[in-house]
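coords-v7.tsv follows; it contains TSV, C-alpha atoms and all ligand atoms.
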chain	number	residue	atom	x	y	z
A	28	MET	CA	51.32	94.10	104.55
A	29	ASP	CA	53.04	91.36	102.65
A	30	ALA	CA	56.67	90.32	103.04
A	31	ALA	CA	57.75	92.75	100.29
A	32	PHE	CA	56.33	95.68	102.29
A	33	TRP	CA	58.61	94.87	105.27
A	34	HIS	CA	61.67	93.91	103.21
A	35	ASN	CA	61.31	97.27	101.46
A	36	LYS	CA	61.07	99.13	104.78
A	37	TRP	CA	64.31	97.58	106.01
A	38	ALA	CA	66.06	98.14	102.66
A	39	GLN	CA	65.02	101.84	102.72
A	40	LYS	CA	65.86	102.13	106.46
A	41	ASP	CA	62.28	103.37	106.90
A	42	ILE	CA	62.07	102.06	110.46
A	43	ALA	CA	60.46	104.78	112.59
A	44	PHE	CA	59.06	101.96	114.78
A	45	HIS	CA	62.60	101.18	116.00
A	46	GLU	CA	63.34	102.62	119.45
A	47	LEU	CA	66.85	103.61	120.49
A	48	GLN	CA	66.27	102.75	124.15
A	49	PRO	CA	64.64	99.74	125.84
A	50	ASN	CA	60.88	100.25	125.86
A	51	PRO	CA	59.92	101.83	129.22
A	52	LEU	CA	56.72	99.78	129.34
A	53	LEU	CA	58.72	96.55	129.06
A	54	VAL	CA	61.09	97.76	131.77
A	55	ARG	CA	58.11	98.68	134.00
A	56	TRP	CA	55.96	95.58	133.46
A	57	LEU	CA	58.33	92.67	132.79
A	58	GLU	CA	57.97	91.74	136.46
A	59	THR	CA	54.33	90.74	135.84
A	60	LEU	CA	55.45	87.86	133.59
A	61	PRO	CA	56.07	84.58	135.43
A	62	VAL	CA	59.76	84.51	134.55
A	63	GLN	CA	63.10	84.77	136.26
A	64	PRO	CA	66.62	85.25	134.92
A	65	GLY	CA	67.67	82.19	132.94
A	66	ASP	CA	64.18	81.76	131.50
A	67	ARG	CA	63.59	82.11	127.75
A	68	ILE	CA	61.47	84.94	126.37
A	69	PHE	CA	60.10	84.88	122.81
A	70	VAL	CA	59.97	88.17	120.92
A	71	PRO	CA	57.87	87.71	117.74
A	72	LEU	CA	58.45	90.11	114.82
A	73	CYS	CA	61.47	91.39	116.73
A	74	GLY	CA	63.21	93.63	114.19
A	75	LYS	CA	66.50	94.79	115.72
A	76	SER	CA	64.79	95.86	118.93
A	77	ARG	CA	66.98	97.21	121.73
A	78	ASP	CA	64.63	95.33	124.06
A	79	ILE	CA	66.57	92.18	123.16
A	80	ALA	CA	69.82	93.66	124.50
A	81	TRP	CA	68.01	94.79	127.63
A	82	LEU	CA	66.49	91.33	128.26
A	83	LEU	CA	69.90	89.69	127.73
A	84	SER	CA	71.48	92.18	130.15
A	85	LYS	CA	68.91	91.14	132.78
A	86	GLY	CA	69.98	87.50	132.43
A	87	TYR	CA	67.14	86.19	130.26
A	88	ARG	CA	67.58	83.98	127.26
A	89	VAL	CA	65.86	85.39	124.18
A	90	ALA	CA	64.33	83.85	121.07
A	91	GLY	CA	63.01	86.00	118.23
A	92	ALA	CA	61.37	85.69	114.84
A	93	GLU	CA	61.88	88.26	112.10
A	94	LEU	CA	61.29	88.34	108.35
A	95	SER	CA	64.20	90.60	107.44
A	96	PRO	CA	67.79	89.30	107.27
A	97	LEU	CA	68.94	92.95	107.11
A	98	ALA	CA	67.31	93.59	110.50
A	99	ILE	CA	68.98	90.59	112.08
A	100	GLU	CA	72.42	91.30	110.63
A	101	ALA	CA	72.07	94.81	112.13
A	102	LEU	CA	70.86	93.34	115.44
A	103	PHE	CA	73.93	91.11	115.80
A	104	ASP	CA	76.25	93.95	114.68
A	105	GLU	CA	74.77	96.27	117.30
A	106	LEU	CA	75.09	93.57	119.95
A	107	ALA	CA	78.71	93.05	118.82
A	108	LEU	CA	77.99	89.33	118.47
A	109	THR	CA	78.92	86.99	115.63
A	110	PRO	CA	76.02	84.63	114.95
A	111	THR	CA	76.21	80.96	114.13
A	112	VAL	CA	73.91	80.59	111.14
A	113	THR	CA	72.07	77.31	110.50
A	114	ALA	CA	69.02	76.14	108.57
A	115	ALA	CA	65.78	75.66	110.53
A	116	GLY	CA	63.27	74.28	108.05
A	117	LYS	CA	62.14	77.17	105.82
A	118	LEU	CA	63.80	79.67	108.18
A	119	THR	CA	67.41	80.48	109.06
A	120	ARG	CA	68.53	80.47	112.65
A	121	PHE	CA	71.03	83.09	113.87
A	122	SER	CA	72.38	82.05	117.26
A	123	ALA	CA	74.78	83.32	119.90
A	124	THR	CA	75.01	82.70	123.64
A	125	ASN	CA	71.48	82.92	125.09
A	126	LEU	CA	70.07	84.22	121.79
A	127	ASP	CA	68.30	82.51	118.87
A	128	ILE	CA	66.65	84.51	116.09
A	129	PHE	CA	64.66	82.72	113.38
A	130	VAL	CA	64.75	84.66	110.14
A	131	GLY	CA	61.76	84.10	107.85
A	132	ASP	CA	57.98	84.06	108.11
A	133	ILE	CA	56.90	83.39	111.70
A	134	LEU	CA	54.04	81.30	110.28
A	135	ASP	CA	56.64	78.84	108.94
A	136	LEU	CA	58.26	78.33	112.37
A	137	SER	CA	57.45	75.11	114.26
A	138	PRO	CA	57.35	74.58	118.04
A	139	SER	CA	60.21	72.08	117.83
A	140	GLN	CA	62.40	74.55	115.90
A	141	LEU	CA	61.64	77.34	118.37
A	142	GLY	CA	62.11	75.18	121.45
A	143	GLU	CA	60.63	75.85	124.88
A	144	VAL	CA	59.79	79.40	125.85
A	145	ASP	CA	58.62	80.67	129.23
A	146	ALA	CA	56.93	83.91	128.16
A	147	LEU	CA	56.32	86.14	125.19
A	148	TYR	CA	56.79	89.90	124.65
A	149	ASP	CA	54.79	91.48	121.82
A	150	ARG	CA	55.69	95.10	121.04
A	151	ALA	CA	54.91	96.53	117.59
A	152	ALA	CA	54.16	92.98	116.40
A	153	LEU	CA	50.41	92.31	116.66
A	154	VAL	CA	49.77	95.98	115.82
A	155	ALA	CA	51.93	95.60	112.69
A	156	LEU	CA	49.49	93.11	111.18
A	157	PRO	CA	46.30	93.90	109.26
A	158	GLU	CA	43.11	92.31	110.52
A	159	ALA	CA	43.17	89.53	107.92
A	160	MET	CA	46.50	88.21	109.25
A	161	ARG	CA	45.86	88.51	112.98
A	162	ASP	CA	43.95	85.25	113.57
A	163	GLN	CA	46.67	83.15	111.97
A	164	TYR	CA	49.34	85.04	113.94
A	165	ALA	CA	47.53	84.64	117.27
A	166	ARG	CA	46.89	80.91	116.71
A	167	GLN	CA	50.55	80.46	115.71
A	168	LEU	CA	51.79	82.15	118.93
A	169	VAL	CA	49.52	79.94	121.04
A	170	LYS	CA	50.80	76.83	119.23
A	171	LEU	CA	54.47	77.88	119.27
A	172	THR	CA	54.56	78.74	122.97
A	173	ASP	CA	51.97	76.35	124.42
A	174	ARG	CA	50.02	79.37	125.75
A	175	ALA	CA	52.97	81.02	127.48
A	176	SER	CA	52.06	84.28	129.23
A	177	GLN	CA	52.31	87.37	127.06
A	178	LEU	CA	53.12	91.01	127.71
A	179	VAL	CA	51.45	92.85	124.82
A	180	ILE	CA	51.67	96.56	123.99
A	181	CYS	CA	48.90	97.85	121.73
A	182	PHE	CA	47.94	101.20	120.23
A	183	GLU	CA	44.40	102.51	120.53
A	184	TYR	CA	43.29	105.34	118.24
A	185	ASP	CA	40.61	106.16	115.69
A	186	GLN	CA	41.52	103.96	112.71
A	187	GLN	CA	39.69	106.42	110.43
A	188	GLN	CA	42.38	109.02	111.24
A	189	LEU	CA	45.36	106.99	110.11
A	190	ALA	CA	46.08	103.97	107.95
A	191	GLY	CA	48.16	101.33	109.72
A	192	PRO	CA	50.60	99.96	110.46
A	193	PRO	CA	50.59	100.32	113.37
A	194	PHE	CA	46.94	99.33	113.55
A	195	ALA	CA	44.60	100.14	116.41
A	196	ILE	CA	43.94	97.11	118.62
A	197	ASN	CA	41.39	97.65	121.38
A	198	HIS	CA	40.20	95.28	124.10
A	199	ASP	CA	37.48	93.77	121.90
A	200	GLU	CA	39.98	92.85	119.20
A	201	LEU	CA	42.46	91.44	121.71
A	202	ALA	CA	39.66	89.40	123.30
A	203	ARG	CA	38.45	88.17	119.89
A	204	LEU	CA	41.96	86.87	119.19
A	205	TYR	CA	42.88	85.50	122.59
A	206	HIS	CA	39.90	85.03	124.94
A	207	GLN	CA	39.69	81.28	124.33
A	208	ASP	CA	43.26	80.80	125.57
A	209	TYR	CA	44.02	83.64	127.96
A	210	ASP	CA	42.75	85.80	130.78
A	211	ILE	CA	43.37	89.37	129.67
A	212	THR	CA	44.43	91.99	132.23
A	213	SER	CA	44.96	95.69	131.59
A	214	LEU	CA	48.19	96.95	133.18
A	215	GLN	CA	48.62	100.53	132.01
A	216	ILE	CA	47.26	103.07	129.56
A	217	LYS	CA	49.55	105.87	128.47
A	218	GLU	CA	49.08	108.74	126.03
A	219	VAL	CA	51.40	108.70	123.02
A	220	ALA	CA	53.32	111.97	123.45
A	221	GLY	CA	52.78	114.17	120.39
A	222	GLY	CA	50.36	111.65	118.88
A	223	LEU	CA	50.99	108.67	116.64
A	224	LYS	CA	53.24	109.65	113.71
A	225	GLY	CA	53.06	113.15	115.16
A	226	THR	CA	49.47	113.65	114.06
A	227	CYS	CA	46.94	111.29	115.59
A	228	ALA	CA	45.88	111.22	119.26
A	229	ALA	CA	46.59	107.71	120.52
A	230	LEU	CA	47.04	105.62	123.63
A	231	GLU	CA	49.49	102.84	124.34
A	232	HIS	CA	47.84	100.07	126.29
A	233	VAL	CA	49.85	97.36	128.07
A	234	TRP	CA	48.20	93.99	128.59
A	235	LEU	CA	49.09	90.81	130.44
A	236	LEU	CA	47.76	87.60	128.89
A	237	SER	CA	47.79	84.61	131.25
A	238	ALA	CA	46.66	81.17	130.13
A	239	HIS	CA	43.31	80.07	131.61
A	240	ARG	CA	43.83	77.71	134.50
A	241	ALA	CA	42.88	74.12	133.62
A	301	LIG	C1	56.69	97.36	113.28
A	301	LIG	S1	58.10	96.34	113.17
A	301	LIG	C2	58.44	96.05	114.92
A	301	LIG	C3	59.78	95.45	115.19
A	301	LIG	C4	60.08	95.28	116.69
A	301	LIG	N1	59.06	94.50	117.38
A	301	LIG	C5	60.29	96.59	117.40
A	301	LIG	O1	59.64	96.85	118.41
A	301	LIG	O2	61.15	97.38	116.93
A	301	LIG	C6	57.37	94.78	112.66
A	301	LIG	C7	58.41	93.78	112.24
A	301	LIG	O3	57.77	92.56	111.90
A	301	LIG	C8	58.47	91.95	110.84
A	301	LIG	N2	57.52	91.01	110.21
A	301	LIG	C9	56.41	91.33	109.51
A	301	LIG	N3	55.75	90.23	109.12
A	301	LIG	C10	56.46	89.16	109.60
A	301	LIG	C11	56.30	87.75	109.51
A	301	LIG	N4	55.28	87.20	108.86
A	301	LIG	N5	57.22	86.97	110.11
A	301	LIG	C12	58.28	87.50	110.79
A	301	LIG	N6	58.48	88.85	110.88
A	301	LIG	C13	57.59	89.67	110.29
A	301	LIG	C14	58.91	93.12	109.98
A	301	LIG	O4	60.00	92.83	109.13
A	301	LIG	C15	59.24	94.17	111.03
A	301	LIG	O5	60.60	94.15	111.38
When written as structure tokens, how does the structure in this file appear?
Amino acid sequence: MDAAFWHNKWAQKDIAFHELQPNPLLVRWLETLPVQPGDRIFVPLCGKSRDIAWLLSKGYRVAGAELSPLAIEALFDELALTPTVTAAGKLTRFSATNLDIFVGDILDLSPSQLGEVDALYDRAALVALPEAMRDQYARQLVKLTDRASQLVICFEYDQQQLAGPPFAINHDELARLYHQDYDITSLQIKEVAGGLKGTCAALEHVWLLSAHRA
């Protein structure tokens, strides 16, 4: 899954991953993150997720990172906000009140460009990445957020049945990526109604990642 793959998806409007309502698992489990209104939540690989509008409506500040300018132009349109657009190193920053989205490769974002974040919400982000890219992504999130707590939603299914994305990420894979930095707690397992892409039996698994105590 290189950049061209995702740019092409947005250009073709081939975005079945996009949900029209706030994700019910975010709505249910946000309270497990150590945040309160006014805090800043980072949404990596954010697309034009409606979850951003929902977090803003609850009084959080939101930061995001997304490869596709088309996605972020649509995000601001749908939020009825006009962004201030500035350079941020190799990325471009689209900002409005309480909202900063960095457009470009998340691996090119630096902690100082991102600024402080209090927690991280990963939906359809880790599972969007093939195995070869996951280590770099996980290390980058740890570095960018100084091990901020994460709410992570993963899919579990038989990878032989379906080519990703989304890829199957089970506990072992999550632990391989994050055990050195985080305690990993299972919050909920839910069947994907109708199967993944309408064909493949799958579970959605919600995890809380909390930094090891010193
Ligand atoms: C499966 S979509 C999920 C979007 C969003 N999280 C949601 O729930 O709708 C994955 C997104 O990651 C973006 N993406 C992929 N690789 C990226 C990278 N290296 N840096 C930033 N964004 C990336 C894609 O453009 C795409 O919008």
Pick out the residues no farther than 7 Å from ligand LIG 301 (chain A), counting all atoms listed in the file, and list them as a PyMOL selection string.
chain A and resi 30+33-34+44-46+71-76+92-95+98+131-134+149-152+155+193
Please identify all polymer residues within 7 Å of range 142-145 of chain A, counting only C-alpha atoms, omitting same-chain residues fewer than 4 positions from it, and present them as a tab-separated table (two decimals) with C-alpha atoms, in the coordinates of the input.
chain	number	residue	atom	x	y	z
A	62	VAL	CA	59.76	84.51	134.55
A	66	ASP	CA	64.18	81.76	131.50
A	67	ARG	CA	63.59	82.11	127.75
A	68	ILE	CA	61.47	84.94	126.37
A	69	PHE	CA	60.10	84.88	122.81
A	138	PRO	CA	57.35	74.58	118.04
A	172	THR	CA	54.56	78.74	122.97
A	175	ALA	CA	52.97	81.02	127.48
Kindly give the distance, in Å, that separates CA of Tyr205 in chain A and CA of Ala238 in chain A, rounded to a single decimal.
9.5 Å
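Atom pair CA of Glu158 in chain A / CA of Ala195 in chain A has a distance of 9.9 Å (rounded to one decimal).
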Report as JSON, numbers by chain all protein, DNA and RNA residues lying within 12 Å of Ala202 in chain A, evaluated on only C-alpha atoms, omitting residues in the same chain fewer than 5 positions from it.
{"A": [162, 165, 196, 197, 207, 208, 209, 210, 211, 212, 213, 234, 235, 236]}
Surrounding residues of Tyr148 in chain A excluding itself and chain neighbours under 5 positions, 7 Å, all atoms listed in the file, as a VMD selection string
chain A and resid 69 to 70 177 to 179
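Taking only C-alpha atoms, the non-local environment of Arg120 in chain A within 8 Å (same-chain residues fewer than 6 positions away omitted) comprises Thr111, Val112, Thr113, Ala114, Asp127, Ile128, Phe129 and Val130 of chain A.
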Expressed in Å to a single decimal, how great is the separation between CA of Gly86 in chain A and CA of Leu136 in chain A?
25.0 Å
Around range 171-175 of chain A, with edges along x, y and z and 6 Å added on all six sides, what centre and edge lengths do you get, in Å to one decimal, as lines of an AutoDock Vina configuration file?
center_x = 52.3
center_y = 78.7
center_z = 123.4
size_x = 16.5
size_y = 16.7
size_z = 20.2
Nearest-residue call for Phe194 in chain A, choices A:Glu218, A:Asp78, A:Asp173, A:Glu231, using only C-alpha atoms
A:Glu231
Non-local contacts of Val54 in chain A (10 Å; all atoms listed in the file; under 3 positions in same chain excluded) as a ChimeraX atom specification:
/A:49-51,57-58,78,81-82
Would you put the residues from that selection into a file with C-alpha atoms, as an mmCIF file, keeping the file's coordinate frame?
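Result file is again-v4.cif:
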data_model
loop_
_atom_site.group_PDB
_atom_site.id
_atom_site.type_symbol
_atom_site.label_atom_id
_atom_site.label_comp_id
_atom_site.auth_asym_id
_atom_site.auth_seq_id
_atom_site.Cartn_x
_atom_site.Cartn_y
_atom_site.Cartn_z
ATOM 1 C CA PRO A 49 64.640 99.740 125.840
ATOM 2 C CA ASN A 50 60.880 100.250 125.860
ATOM 3 C CA PRO A 51 59.920 101.830 129.220
ATOM 4 C CA LEU A 57 58.330 92.670 132.790
ATOM 5 C CA GLU A 58 57.970 91.740 136.460
ATOM 6 C CA ASP A 78 64.630 95.330 124.060
ATOM 7 C CA TRP A 81 68.010 94.790 127.630
ATOM 8 C CA LEU A 82 66.490 91.330 128.260
#
As an mmCIF file, keeping the file's coordinate frame, could you write out range 115-140 of chain A once it has been completed with N, CA and C atoms?
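Printed below is out-v4.cif as written:
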data_model
loop_
_atom_site.group_PDB
_atom_site.id
_atom_site.type_symbol
_atom_site.label_atom_id
_atom_site.label_comp_id
_atom_site.auth_asym_id
_atom_site.auth_seq_id
_atom_site.Cartn_x
_atom_site.Cartn_y
_atom_site.Cartn_z
ATOM 1 N N ALA A 115 66.838 76.147 109.615
ATOM 2 C CA ALA A 115 65.780 75.660 110.530
ATOM 3 C C ALA A 115 64.511 75.553 109.686
ATOM 4 N N GLY A 116 64.396 74.436 108.967
ATOM 5 C CA GLY A 116 63.270 74.280 108.050
ATOM 6 C C GLY A 116 63.308 75.375 106.996
ATOM 7 N N LYS A 117 62.182 76.101 106.822
ATOM 8 C CA LYS A 117 62.140 77.170 105.820
ATOM 9 C C LYS A 117 62.844 78.436 106.315
ATOM 10 N N LEU A 118 63.192 78.467 107.613
ATOM 11 C CA LEU A 118 63.800 79.670 108.180
ATOM 12 C C LEU A 118 65.303 79.474 108.373
ATOM 13 N N THR A 119 65.985 80.547 108.747
ATOM 14 C CA THR A 119 67.410 80.480 109.060
ATOM 15 C C THR A 119 67.581 80.939 110.497
ATOM 16 N N ARG A 120 68.366 80.155 111.235
ATOM 17 C CA ARG A 120 68.530 80.470 112.650
ATOM 18 C C ARG A 120 69.877 81.154 112.873
ATOM 19 N N PHE A 121 69.826 82.333 113.494
ATOM 20 C CA PHE A 121 71.030 83.090 113.870
ATOM 21 C C PHE A 121 71.170 82.946 115.389
ATOM 22 N N SER A 122 72.247 82.320 115.832
ATOM 23 C CA SER A 122 72.380 82.050 117.260
ATOM 24 C C SER A 122 73.680 82.599 117.832
ATOM 25 N N ALA A 123 73.601 82.991 119.091
ATOM 26 C CA ALA A 123 74.780 83.320 119.900
ATOM 27 C C ALA A 123 74.400 82.906 121.325
ATOM 28 N N THR A 124 75.304 83.125 122.266
ATOM 29 C CA THR A 124 75.010 82.700 123.640
ATOM 30 C C THR A 124 73.695 83.327 124.110
ATOM 31 N N ASN A 125 72.779 82.492 124.543
ATOM 32 C CA ASN A 125 71.480 82.920 125.090
ATOM 33 C C ASN A 125 70.540 83.565 124.071
ATOM 34 N N LEU A 126 70.868 83.506 122.801
ATOM 35 C CA LEU A 126 70.070 84.220 121.790
ATOM 36 C C LEU A 126 69.874 83.365 120.533
ATOM 37 N N ASP A 127 68.625 83.201 120.122
ATOM 38 C CA ASP A 127 68.300 82.510 118.870
ATOM 39 C C ASP A 127 67.275 83.350 118.117
ATOM 40 N N ILE A 128 67.623 83.765 116.901
ATOM 41 C CA ILE A 128 66.650 84.510 116.090
ATOM 42 C C ILE A 128 66.365 83.686 114.836
ATOM 43 N N PHE A 129 65.089 83.476 114.558
ATOM 44 C CA PHE A 129 64.660 82.720 113.380
ATOM 45 C C PHE A 129 64.260 83.724 112.309
ATOM 46 N N VAL A 130 64.989 83.686 111.199
ATOM 47 C CA VAL A 130 64.750 84.660 110.140
ATOM 48 C C VAL A 130 63.885 84.012 109.060
ATOM 49 N N GLY A 131 62.731 84.620 108.812
ATOM 50 C CA GLY A 131 61.760 84.100 107.850
ATOM 51 C C GLY A 131 60.377 84.427 108.356
ATOM 52 N N ASP A 132 59.386 83.801 107.735
ATOM 53 C CA ASP A 132 57.980 84.060 108.110
ATOM 54 C C ASP A 132 57.667 83.302 109.402
ATOM 55 N N ILE A 133 57.204 84.028 110.411
ATOM 56 C CA ILE A 133 56.900 83.390 111.700
ATOM 57 C C ILE A 133 55.879 82.255 111.530
ATOM 58 N N LEU A 134 55.062 82.349 110.486
ATOM 59 C CA LEU A 134 54.040 81.300 110.280
ATOM 60 C C LEU A 134 54.684 79.997 109.827
ATOM 61 N N ASP A 135 55.934 80.053 109.370
ATOM 62 C CA ASP A 135 56.640 78.840 108.940
ATOM 63 C C ASP A 135 57.470 78.211 110.067
ATOM 64 N N LEU A 136 57.467 78.837 111.243
ATOM 65 C CA LEU A 136 58.260 78.330 112.370
ATOM 66 C C LEU A 136 57.458 77.229 113.078
ATOM 67 N N SER A 137 58.152 76.183 113.536
ATOM 68 C CA SER A 137 57.450 75.110 114.260
ATOM 69 C C SER A 137 57.858 75.155 115.733
ATOM 70 N N PRO A 138 56.998 74.612 116.619
ATOM 71 C CA PRO A 138 57.350 74.580 118.040
ATOM 72 C C PRO A 138 58.677 73.874 118.287
ATOM 73 N N SER A 139 58.964 72.795 117.549
ATOM 74 C CA SER A 139 60.210 72.080 117.830
ATOM 75 C C SER A 139 61.426 72.900 117.392
ATOM 76 N N GLN A 140 61.284 73.672 116.298
ATOM 77 C CA GLN A 140 62.400 74.550 115.900
ATOM 78 C C GLN A 140 62.612 75.650 116.933
#
